[in-house]
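File shown here: final-v5.cif, holding mmCIF, C-alpha atoms.
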```cif
data_my_file
#
loop_
_atom_site.label_atom_id
_atom_site.label_comp_id
_atom_site.auth_asym_id
_atom_site.auth_seq_id
_atom_site.Cartn_x
_atom_site.Cartn_y
_atom_site.Cartn_z
CA MET A 28 101.37 100.06 96.78
CA ARG A 29 104.18 99.48 94.29
CA ILE A 30 103.53 97.43 91.16
CA PHE A 31 106.29 96.09 88.94
CA ILE A 32 105.53 94.99 85.39
CA ILE A 33 108.18 92.50 84.28
CA GLY A 34 108.76 90.45 81.16
CA PHE A 35 110.79 90.12 78.00
CA MET A 36 111.41 93.11 75.75
CA GLY A 37 108.45 93.65 73.45
CA SER A 38 105.92 92.09 75.82
CA GLY A 39 104.03 95.34 76.32
CA LYS A 40 105.21 96.29 79.80
CA THR A 41 105.28 100.04 79.20
CA THR A 42 101.97 100.21 77.35
CA PHE A 43 100.20 98.06 79.94
CA GLY A 44 101.91 99.82 82.86
CA ARG A 45 100.70 103.22 81.67
CA LYS A 46 97.12 101.94 81.34
CA LEU A 47 97.19 100.28 84.76
CA ALA A 48 98.66 103.36 86.45
CA LYS A 49 95.97 105.55 84.90
CA LYS A 50 93.16 103.22 86.08
CA LEU A 51 94.63 103.12 89.60
CA GLY A 52 95.39 106.84 89.75
CA TYR A 53 99.05 105.98 90.31
CA ARG A 54 102.20 107.48 88.85
CA PHE A 55 104.02 105.54 86.12
CA ALA A 56 107.75 105.10 85.58
CA ASP A 57 109.74 103.15 83.01
CA THR A 58 113.09 102.03 84.43
CA ASP A 59 114.87 102.30 81.07
CA LYS A 60 113.68 105.92 80.72
CA LEU A 61 114.78 106.72 84.29
CA ILE A 62 118.28 105.43 83.50
CA GLU A 63 118.40 107.35 80.22
CA GLN A 64 117.42 110.56 82.03
CA LYS A 65 119.95 110.02 84.79
CA LEU A 66 122.88 109.35 82.44
CA GLY A 67 121.80 111.64 79.61
CA LEU A 68 122.23 108.81 77.10
CA THR A 69 119.92 106.42 75.27
CA ILE A 70 119.97 102.75 76.25
CA THR A 71 121.78 101.99 72.98
CA GLU A 72 124.43 104.63 73.80
CA ILE A 73 124.83 103.29 77.34
CA PHE A 74 125.39 99.76 76.05
CA SER A 75 127.81 100.85 73.32
CA SER A 76 129.85 103.42 75.25
CA LEU A 77 129.59 102.34 78.89
CA GLY A 78 128.74 98.64 78.52
CA GLN A 79 125.97 96.33 79.63
CA GLN A 80 127.45 96.03 83.13
CA LYS A 81 127.11 99.80 83.70
CA PHE A 82 123.46 99.54 82.65
CA ARG A 83 122.90 96.60 85.07
CA ASP A 84 124.61 98.59 87.84
CA GLU A 85 122.25 101.52 87.20
CA GLU A 86 119.27 99.14 87.34
CA GLN A 87 120.56 97.92 90.71
CA LEU A 88 120.79 101.48 92.04
CA LEU A 89 117.25 102.19 90.83
CA LEU A 90 115.94 99.11 92.58
CA GLU A 91 117.29 100.46 95.86
CA GLU A 92 115.31 103.69 95.30
CA PHE A 93 112.02 101.92 94.52
CA GLY A 94 111.21 101.50 98.19
CA LEU A 95 111.05 105.27 98.58
CA HIS A 96 107.90 105.68 96.47
CA ASP A 97 104.30 104.51 96.86
CA ASP A 98 101.31 104.44 94.51
CA ILE A 99 103.44 103.84 91.45
CA VAL A 100 103.59 101.36 88.58
CA TYR A 101 107.07 100.54 87.27
CA ALA A 102 107.70 98.98 83.86
CA THR A 103 111.08 97.31 84.27
CA GLY A 104 113.68 96.59 81.66
CA GLY A 105 113.46 93.00 80.45
CA GLY A 106 116.64 91.92 82.21
CA LEU A 107 116.18 93.75 85.51
CA PRO A 108 114.46 90.86 87.36
CA CYS A 109 117.08 88.36 86.13
CA PHE A 110 120.22 89.64 87.85
CA SER A 111 121.58 90.00 91.39
CA GLY A 112 118.53 88.57 93.17
CA ASN A 113 116.44 91.44 91.80
CA ILE A 114 113.20 89.46 91.41
CA GLU A 115 113.25 88.68 95.12
CA LYS A 116 113.83 92.38 95.90
CA ILE A 117 110.98 93.34 93.56
CA ASN A 118 108.65 90.90 95.32
CA GLU A 119 109.66 92.31 98.73
CA LEU A 120 108.99 95.88 97.59
CA GLY A 121 105.66 95.35 95.88
CA ILE A 122 103.51 93.28 93.54
CA SER A 123 105.13 91.84 90.43
CA ILE A 124 103.23 91.06 87.24
CA TYR A 125 104.85 88.97 84.51
CA MET A 126 103.62 89.83 81.01
CA GLN A 127 104.02 86.39 79.43
CA LEU A 128 104.29 85.83 75.67
CA THR A 129 105.58 82.99 73.50
CA PRO A 130 108.87 83.41 71.63
CA GLU A 131 106.91 83.55 68.37
CA ALA A 132 104.66 86.36 69.61
CA LEU A 133 107.68 88.28 70.89
CA TYR A 134 109.44 87.76 67.57
CA SER A 135 106.43 89.10 65.69
CA ARG A 136 106.42 92.24 67.83
CA LEU A 137 110.17 92.80 67.94
CA ALA A 138 110.81 92.12 64.25
CA THR A 139 108.40 94.88 63.24
CA SER A 140 108.72 97.39 66.09
CA GLY A 141 111.48 99.53 64.64
CA ALA A 142 112.71 100.28 68.16
CA ARG A 143 116.46 100.13 68.67
CA ARG A 144 117.30 97.47 71.20
CA PRO A 145 121.00 96.89 71.92
CA LEU A 146 120.68 93.17 72.59
CA LEU A 147 118.95 92.64 69.22
CA GLU A 148 121.37 94.64 67.06
CA GLY A 149 122.22 92.77 63.85
CA LYS A 150 119.74 89.97 64.49
CA GLU A 151 116.83 89.24 62.17
CA GLY A 152 114.82 86.33 60.80
CA ASP A 153 115.67 82.90 62.22
CA VAL A 154 118.65 84.30 64.13
CA LEU A 155 116.37 86.75 65.95
CA LEU A 156 113.80 84.06 66.76
CA ALA A 157 116.54 81.73 68.04
CA TYR A 158 117.96 84.51 70.24
CA ILE A 159 114.53 85.37 71.67
CA THR A 160 113.79 81.69 72.36
CA LYS A 161 117.15 81.12 74.06
CA GLU A 162 117.01 84.30 76.16
CA LEU A 163 113.38 83.80 77.15
CA ASN A 164 114.18 80.23 78.24
CA ARG A 165 117.06 81.58 80.34
CA ARG A 166 115.07 84.43 81.87
CA GLU A 167 111.69 82.80 82.41
CA LYS A 168 112.73 81.08 85.64
CA TYR A 169 113.02 84.58 87.11
CA TYR A 170 109.88 85.96 85.46
CA LEU A 171 107.82 83.03 86.77
CA LYS A 172 108.64 84.12 90.34
CA ALA A 173 106.24 87.04 89.81
CA GLN A 174 103.23 87.12 92.08
CA ILE A 175 100.93 87.43 89.05
CA VAL A 176 101.66 85.64 85.76
CA ALA A 177 99.46 87.00 82.99
CA GLY A 178 99.10 86.28 79.31
CA ALA A 179 100.15 89.60 77.77
CA LEU A 180 97.55 89.24 75.00
CA SER A 181 94.62 88.73 77.36
CA ILE A 182 95.40 90.79 80.45
CA SER A 183 93.51 94.01 81.18
CA PRO A 184 93.98 96.68 83.84
CA GLU A 185 90.56 95.80 85.25
CA LEU A 186 91.53 92.14 85.64
CA VAL A 187 94.76 93.07 87.42
CA ILE A 188 92.95 95.50 89.71
CA GLY A 189 90.67 92.63 90.71
CA MET A 190 93.71 90.44 91.44
CA LEU A 191 95.42 93.17 93.46
CA LYS A 192 92.58 93.07 96.01
CA HIS A 193 93.96 89.69 97.14
CA PHE A 194 97.27 91.32 98.06
CA GLY A 195 95.74 93.74 100.54
#
```

Starting from the coordinates I provided, produce the structure as structure tokens.
Amino acid sequence: MRIFIIGFMGSGKTTFGRKLAKKLGYRFADTDKLIEQKLGLTITEIFSSLGQQKFRDEEQLLLEEFGLHDDIVYATGGGLPCFSGNIEKINELGISIYMQLTPEALYSRLATSGARRPLLEGKEGDVLLAYITKELNRREKYYLKAQIVAGALSISPELVIGMLKHFG
């Protein structure tokens, strides 16, 4: 089985994905880390030197490789499901779980995380909240196509494992 954790940046995809993979005895992979390893650059460096389109192209190539692996949990980049029909491909390849949070909850996490995120560079305060709200509104139509929609603050690996039984 392949499980894809999707959602906006800061929603906890990587943290939750690691926990879920451990409970299932599956491998874990973070798509952003896979791209960084492949290109030998950080996400910030990829965006600044090669551009966002190169990053999206690399995500697309990764998606084609996902079908080669089983018993794995992938934490996807926040934008991966939102381009090029990727959410449909994800749903064909495995089970998708949307880690849903409000713009305010995402803002609280992102404003204090200290992580460098290219799409948030130079944004803080009300500007950051407005950006998160706008982008989440744009992306959520894709995220809501996930087979499981879960409140990121209340979901647990055990709950998801129970839900996965319905997917065979």

Original post:
If you measure from atom CA of Ile188 of chain A to atom CA of Val100 of chain A, what distance in Å do you get, rounded to one decimal?
Top reply: 12.2 Å

**OP:** Pick out the residues sitting within 12 Å of Ser135 of chain A, and hand them over as a PyMOL selection string; count all atoms listed in the file, and ignore anything fewer than 3 positions along from it in its own chain.
**Re:** chain A and resi 36-38+128-132+138-141+151-153+155-156+159

Could you write out as AutoDock Vina command-line options the box around segment 174-187 of chain A (axis-aligned, all atoms listed in the file, 6 Å on each side), with centre and edge lengths in Å to one decimal?
```
--center_x 96.9 --center_y 91.2 --center_z 83.5 --size_x 24.7 --size_y 23.0 --size_z 29.1
```

**OP:** For atom CA of Tyr53 of chain A and atom CA of Ala179 of chain A, determine how far apart the two atoms are, in Å to one decimal place.
**Re:**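 Here the two named atoms are 20.7 Å from each other.
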
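Taken over the shown file, the PyMOL selection byres ((chain A and resi 172) around 12) identifies Ile33, Gly34, Pro108, Cys109, Gly112, Asn113, Ile114, Glu115, Lys116, Ile117, Asn118, Glu119, Ile122, Ser123, Ile124, Tyr125, Arg166, Glu167, Lys168, Tyr169, Tyr170, Leu171, Ala173, Gln174, Ile175 and Val176 of chain A.
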